[in-house]
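Down below is the structure, laid out as structure tokens.
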Amino acid sequence: MNIGFAMCGSFCTYAKIFPIMEALAKEHTVTPIFSQSAYTTDSRFGSAQEHIHRAAQICGRDPIHTIGQSEPIGPKKLLDALIIAPCTGNTLAKLAHSIADSPVTMAAKSHLRNGRPIVIAVSTNDALAGAAENIGKLLGRKHYYFVPFGQDDAQNKPTSMVADFTKIPPTLKAALEGQQIQPVLL
């Protein structure tokens with residue numbers, strides 16, 4: 001199976017994301033896709049080059065990182081499924097409003113033309129604020145499937161929610177069967 005694994009700029013989650021990518025790459029062909037932020041931003045969680053190198057090493061191929069590289073995903077039917085993990089509030093908003101101005105959102109738009117699943121693993125500080133509307137829109141759309149998610153630090157970040165990244169594989173399996181794994185909210 002061919003899986004796209006798109007990473008956005010929630011850098012604090014990468015330590016949990018890379019082992020999932022690695023597990024999937026042992027069983028499937030995985031193509032990494034990086035947002036502009038993921039591809040260019042150094043953070044206290046590591047440099048962009050470290051993340052790019054790790055994804056390339058795990059997947060055996062360099063990440064897609066431009067709109068031009070991601071556009072052929074749909075026309076060439078390159079993927080059976082697309083995972084967006086972590087999916088930031090910014091990316092959620094773009095997906096909810098059909099904006100394809102980044103490698104990740106273009107990959108999603110292009111992939112959707114084939115009616116194949118997109119698995120969303122939310123990671124945003126405003127899931128219960130500004131991003132809530134966008135999560136709601138995508139929950140109601142065909143071909144979008146959510147990795148179960150919940151509040152990650154209700155006391156200090158009361159509107160923040162993060163997916164349980166360990167549930168990406170079972171969410172992917174269910175999505176390929178046209179089913180949303182339950183419960184969605186943890």
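If you're wondering about the labels, chains in the structure tokens are A, B, ... by order shown, residues count from 1 in each chain, ligands from 1 in order shown.
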Subject >> Exercise: region 33-48 of chain A partners within 9 Å, only C-alpha atoms, chain neighbours under 2 positions left out, as number ranges by chain >> reply: A: 4-15, 31, 50-53, 62-66, 70, 84, 102-105, 107
Create the file for the chosen residues now, containing N, CA and C atoms and written as a compact mmCIF listing (two decimals), in the first residue's frame.
# COMPACT_ATOMS: atom_id res chain seq x y z
N GLY A 4 0.82 8.44 1.93
CA GLY A 4 1.45 9.74 2.10
C GLY A 4 1.43 10.08 3.57
N PHE A 5 2.52 10.61 4.09
CA PHE A 5 2.58 10.99 5.51
C PHE A 5 3.00 12.44 5.57
N ALA A 6 2.01 13.33 5.72
CA ALA A 6 2.25 14.76 5.69
C ALA A 6 2.45 15.30 7.11
N MET A 7 3.50 16.09 7.27
CA MET A 7 3.83 16.67 8.57
C MET A 7 3.72 18.19 8.50
N CYS A 8 3.01 18.74 9.49
CA CYS A 8 2.87 20.19 9.62
C CYS A 8 3.71 20.66 10.81
N GLY A 9 3.59 21.93 11.16
CA GLY A 9 4.52 22.55 12.09
C GLY A 9 4.28 22.41 13.57
N SER A 10 3.63 21.40 14.06
CA SER A 10 3.51 21.18 15.50
C SER A 10 4.72 20.37 15.95
N PHE A 11 5.86 21.06 16.05
CA PHE A 11 7.15 20.41 16.24
C PHE A 11 7.24 19.61 17.54
N CYS A 12 6.49 20.02 18.55
CA CYS A 12 6.55 19.32 19.84
C CYS A 12 6.03 17.89 19.75
N THR A 13 5.34 17.56 18.68
CA THR A 13 4.78 16.20 18.53
C THR A 13 5.68 15.27 17.72
N TYR A 14 6.71 15.78 17.11
CA TYR A 14 7.52 14.97 16.20
C TYR A 14 8.13 13.73 16.87
N ALA A 15 8.51 13.84 18.13
CA ALA A 15 9.10 12.69 18.82
C ALA A 15 8.10 11.54 18.90
N THR A 31 5.48 7.88 1.66
CA THR A 31 6.05 9.08 1.06
C THR A 31 5.88 10.24 2.04
N GLU A 50 17.34 18.15 10.42
CA GLU A 50 17.29 16.89 11.18
C GLU A 50 15.98 16.14 10.88
N HIS A 51 14.88 16.87 10.86
CA HIS A 51 13.57 16.24 10.60
C HIS A 51 13.48 15.72 9.17
N ILE A 52 13.98 16.50 8.23
CA ILE A 52 13.98 16.09 6.82
C ILE A 52 14.81 14.82 6.66
N HIS A 53 15.99 14.82 7.25
CA HIS A 53 16.88 13.65 7.16
C HIS A 53 16.24 12.42 7.79
N ASP A 62 13.24 11.31 -0.24
CA ASP A 62 13.18 12.68 0.25
C ASP A 62 11.73 13.13 0.34
N PRO A 63 11.44 14.01 1.30
CA PRO A 63 10.07 14.51 1.43
C PRO A 63 9.65 15.38 0.24
N ILE A 64 8.39 15.25 -0.12
CA ILE A 64 7.75 16.22 -1.01
C ILE A 64 7.64 17.50 -0.20
N HIS A 65 8.02 18.64 -0.79
CA HIS A 65 7.99 19.88 -0.01
C HIS A 65 7.58 21.10 -0.83
N THR A 66 7.06 20.88 -2.03
CA THR A 66 6.56 22.00 -2.83
C THR A 66 5.17 21.66 -3.36
N SER A 70 3.57 18.04 -5.01
CA SER A 70 2.40 17.37 -4.44
C SER A 70 1.20 17.33 -5.38
N ILE A 84 -2.23 13.09 7.68
CA ILE A 84 -1.69 14.41 8.03
C ILE A 84 -1.49 14.40 9.54
N SER A 102 -0.33 25.09 -0.03
CA SER A 102 0.86 24.54 0.59
C SER A 102 1.06 23.11 0.08
N PRO A 103 2.23 22.54 0.27
CA PRO A 103 2.43 21.16 -0.18
C PRO A 103 1.43 20.18 0.45
N VAL A 104 1.12 20.38 1.72
CA VAL A 104 0.21 19.47 2.42
C VAL A 104 -1.23 19.65 1.93
N THR A 105 -1.69 20.89 1.84
CA THR A 105 -3.08 21.09 1.40
C THR A 105 -3.26 20.75 -0.08
N ALA A 107 -1.54 18.36 -1.57
CA ALA A 107 -1.56 16.90 -1.55
C ALA A 107 -2.96 16.40 -1.20
At most 9 Å is the cut-off: for each residue in region 115-144 of chain A with any atom that close to an atom of region 160-179 of chain A, write down the nearest atom pair and the distance in Å rounded to one decimal, counting only C-alpha atoms, chain first then increasing number, as JSON lines.
{"residue": "A:Arg116", "atom": "CA", "partner": "A:Leu176", "partner_atom": "CA", "distance": 7.8}
{"residue": "A:Pro117", "atom": "CA", "partner": "A:Ala175", "partner_atom": "CA", "distance": 6.0}
{"residue": "A:Ile118", "atom": "CA", "partner": "A:Ala175", "partner_atom": "CA", "distance": 7.8}
{"residue": "A:Val119", "atom": "CA", "partner": "A:Leu172", "partner_atom": "CA", "distance": 6.5}
{"residue": "A:Ile120", "atom": "CA", "partner": "A:Ala163", "partner_atom": "CA", "distance": 8.6}
{"residue": "A:Ala121", "atom": "CA", "partner": "A:Ala163", "partner_atom": "CA", "distance": 5.2}
{"residue": "A:Val122", "atom": "CA", "partner": "A:Ala163", "partner_atom": "CA", "distance": 5.2}
{"residue": "A:Ser123", "atom": "CA", "partner": "A:Val162", "partner_atom": "CA", "distance": 4.3}
{"residue": "A:Thr124", "atom": "CA", "partner": "A:Ser160", "partner_atom": "CA", "distance": 5.7}
{"residue": "A:Asn125", "atom": "CA", "partner": "A:Ser160", "partner_atom": "CA", "distance": 3.8}
{"residue": "A:Asp126", "atom": "CA", "partner": "A:Ser160", "partner_atom": "CA", "distance": 5.3}
{"residue": "A:Ala127", "atom": "CA", "partner": "A:Ser160", "partner_atom": "CA", "distance": 5.5}
{"residue": "A:Leu128", "atom": "CA", "partner": "A:Ser160", "partner_atom": "CA", "distance": 6.6}
{"residue": "A:Ala129", "atom": "CA", "partner": "A:Ser160", "partner_atom": "CA", "distance": 8.5}
{"residue": "A:His143", "atom": "CA", "partner": "A:Gly178", "partner_atom": "CA", "distance": 7.6}
{"residue": "A:Tyr144", "atom": "CA", "partner": "A:Ala175", "partner_atom": "CA", "distance": 8.2}
**OP:** Apply DSSP to the backbone of this structure and, from chain A, keep only the residues in strand (DSSP E); write these as a PyMOL selection string.
**Re:** chain A and resi 2-7+29-34+81-87+118-124+144-146+149-151+161-163
**OP:** Write out as JSON, numbers by chain each polymer residue whose atoms come within 10 Å of region 136-139 of chain A, counting only C-alpha atoms; drop sequence neighbours fewer than 5 positions from it.
**Re:** {"A": [92, 93, 95, 96, 97, 120, 131, 144, 145, 146, 180, 184]}
Take the residues just selected and output them with C-alpha atoms as a tab-separated table (two decimals), in the first residue's frame.
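Produced file result_20.tsv, reproduced below:
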chain	number	residue	atom	x	y	z
A	92	LEU	CA	-7.31	22.42	9.46
A	93	ALA	CA	-8.58	25.87	8.42
A	95	LEU	CA	-8.62	22.06	4.46
A	96	ALA	CA	-12.03	23.15	5.78
A	97	HIS	CA	-12.11	26.02	3.28
A	120	ILE	CA	-6.20	13.70	10.28
A	131	ALA	CA	-10.19	25.71	15.16
A	144	TYR	CA	-11.84	12.67	6.10
A	145	TYR	CA	-11.17	10.45	9.11
A	146	PHE	CA	-9.92	11.65	12.50
A	180	GLN	CA	-14.42	6.36	11.36
A	184	VAL	CA	-13.30	10.21	18.18
Original post:
Quick one: DSSP helix (DSSP H, G or I) residues in chain A, as an MDAnalysis selection string?
Top reply: chainID A and resid 11:27 36:40 48:59 67:73 89:96 103:112 132:139 165:176
Output the selection as a CSV table (one decimal), in the first residue's frame - C-alpha atoms for each residue.
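again18.csv, freshly written:
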chain,number,residue,atom,x,y,z
A,11,PHE,CA,7.1,20.4,16.2
A,12,CYS,CA,6.5,19.3,19.8
A,13,THR,CA,4.8,16.2,18.5
A,14,TYR,CA,7.5,15.0,16.2
A,15,ALA,CA,9.1,12.7,18.8
A,16,LYS,CA,5.8,10.8,18.9
A,17,ILE,CA,5.1,11.0,15.2
A,18,PHE,CA,8.4,9.6,13.8
A,19,PRO,CA,8.0,6.2,15.5
A,20,ILE,CA,4.5,5.8,13.9
A,21,MET,CA,6.0,6.7,10.5
A,22,GLU,CA,8.7,4.2,11.0
A,23,ALA,CA,6.2,1.4,11.9
A,24,LEU,CA,4.1,2.2,8.9
A,25,ALA,CA,7.2,2.2,6.6
A,26,LYS,CA,8.1,-1.3,7.7
A,27,GLU,CA,4.8,-2.6,6.1
A,36,GLN,CA,6.7,24.9,4.4
A,37,SER,CA,7.0,25.3,8.2
A,38,ALA,CA,8.1,21.7,8.7
A,39,TYR,CA,10.6,22.0,5.8
A,40,THR,CA,12.2,25.3,6.9
A,48,ALA,CA,14.4,21.3,9.9
A,49,GLN,CA,17.3,19.5,8.4
A,50,GLU,CA,17.3,16.9,11.2
A,51,HIS,CA,13.6,16.2,10.6
A,52,ILE,CA,14.0,16.1,6.8
A,53,HIS,CA,16.9,13.7,7.2
A,54,ARG,CA,15.0,11.5,9.6
A,55,ALA,CA,11.9,11.3,7.4
A,56,ALA,CA,14.0,10.5,4.3
A,57,GLN,CA,15.9,7.8,6.2
A,58,ILE,CA,12.7,6.2,7.5
A,59,CYS,CA,10.9,6.3,4.2
A,67,ILE,CA,3.1,22.5,-4.3
A,68,GLY,CA,4.5,21.4,-7.7
A,69,GLN,CA,5.7,18.1,-6.2
A,70,SER,CA,2.4,17.4,-4.4
A,71,GLU,CA,0.0,18.2,-7.3
A,72,PRO,CA,0.6,15.0,-9.3
A,73,ILE,CA,-0.5,12.8,-6.3
A,89,GLY,CA,-5.0,24.6,13.3
A,90,ASN,CA,-3.7,26.4,10.2
A,91,THR,CA,-3.9,23.3,8.1
A,92,LEU,CA,-7.3,22.4,9.5
A,93,ALA,CA,-8.6,25.9,8.4
A,94,LYS,CA,-7.2,25.5,4.9
A,95,LEU,CA,-8.6,22.1,4.5
A,96,ALA,CA,-12.0,23.1,5.8
A,103,PRO,CA,2.4,21.2,-0.2
A,104,VAL,CA,0.2,19.5,2.4
A,105,THR,CA,-3.1,21.1,1.4
A,106,MET,CA,-2.3,20.6,-2.3
A,107,ALA,CA,-1.6,16.9,-1.6
A,108,ALA,CA,-4.9,16.6,0.2
A,109,LYS,CA,-6.8,18.4,-2.6
A,110,SER,CA,-5.1,16.3,-5.3
A,111,HIS,CA,-5.6,13.1,-3.3
A,112,LEU,CA,-9.3,13.7,-2.7
A,132,ALA,CA,-13.3,24.0,16.5
A,133,GLU,CA,-15.4,25.2,13.6
A,134,ASN,CA,-12.9,23.8,11.1
A,135,ILE,CA,-12.7,20.4,12.9
A,136,GLY,CA,-16.5,20.3,12.8
A,137,LYS,CA,-16.6,21.0,9.1
A,138,LEU,CA,-14.1,18.2,8.3
A,139,LEU,CA,-15.8,15.7,10.6
A,165,PHE,CA,-0.8,9.3,17.6
A,166,THR,CA,-0.6,5.6,18.6
A,167,LYS,CA,-4.1,5.3,17.1
A,168,ILE,CA,-2.9,6.3,13.6
A,169,PRO,CA,-2.6,2.7,12.4
A,170,PRO,CA,-6.1,1.6,13.5
A,171,THR,CA,-7.6,4.8,12.2
A,172,LEU,CA,-5.9,4.2,8.9
A,173,LYS,CA,-7.2,0.7,8.7
A,174,ALA,CA,-10.8,1.8,9.5
A,175,ALA,CA,-10.5,4.7,7.0
A,176,LEU,CA,-9.5,2.3,4.2
**OP:** Tell me, as a PyMOL selection string, which residues lie within 9 Å of His28 (chain A), counting only C-alpha atoms; anything in the same chain fewer than 5 positions away does not count.
**Re:** chain A and resi 1-3+23
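Note that the spacing between CA of Leu185 (chain A) and CA of Pro148 (chain A) amounts to 5.5 Å.
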Subject >> Coordinates-based distance that separates CA of Asp101 (chain A) from CA of Val147 (chain A) (Å, one decimal) >> reply: 23.8 Å
**OP:** Mind giving me the straight-line distance from CA of Arg113 (chain A) to CA of Pro75 (chain A) in Å, one decimal?
**Re:** 8.0 Å
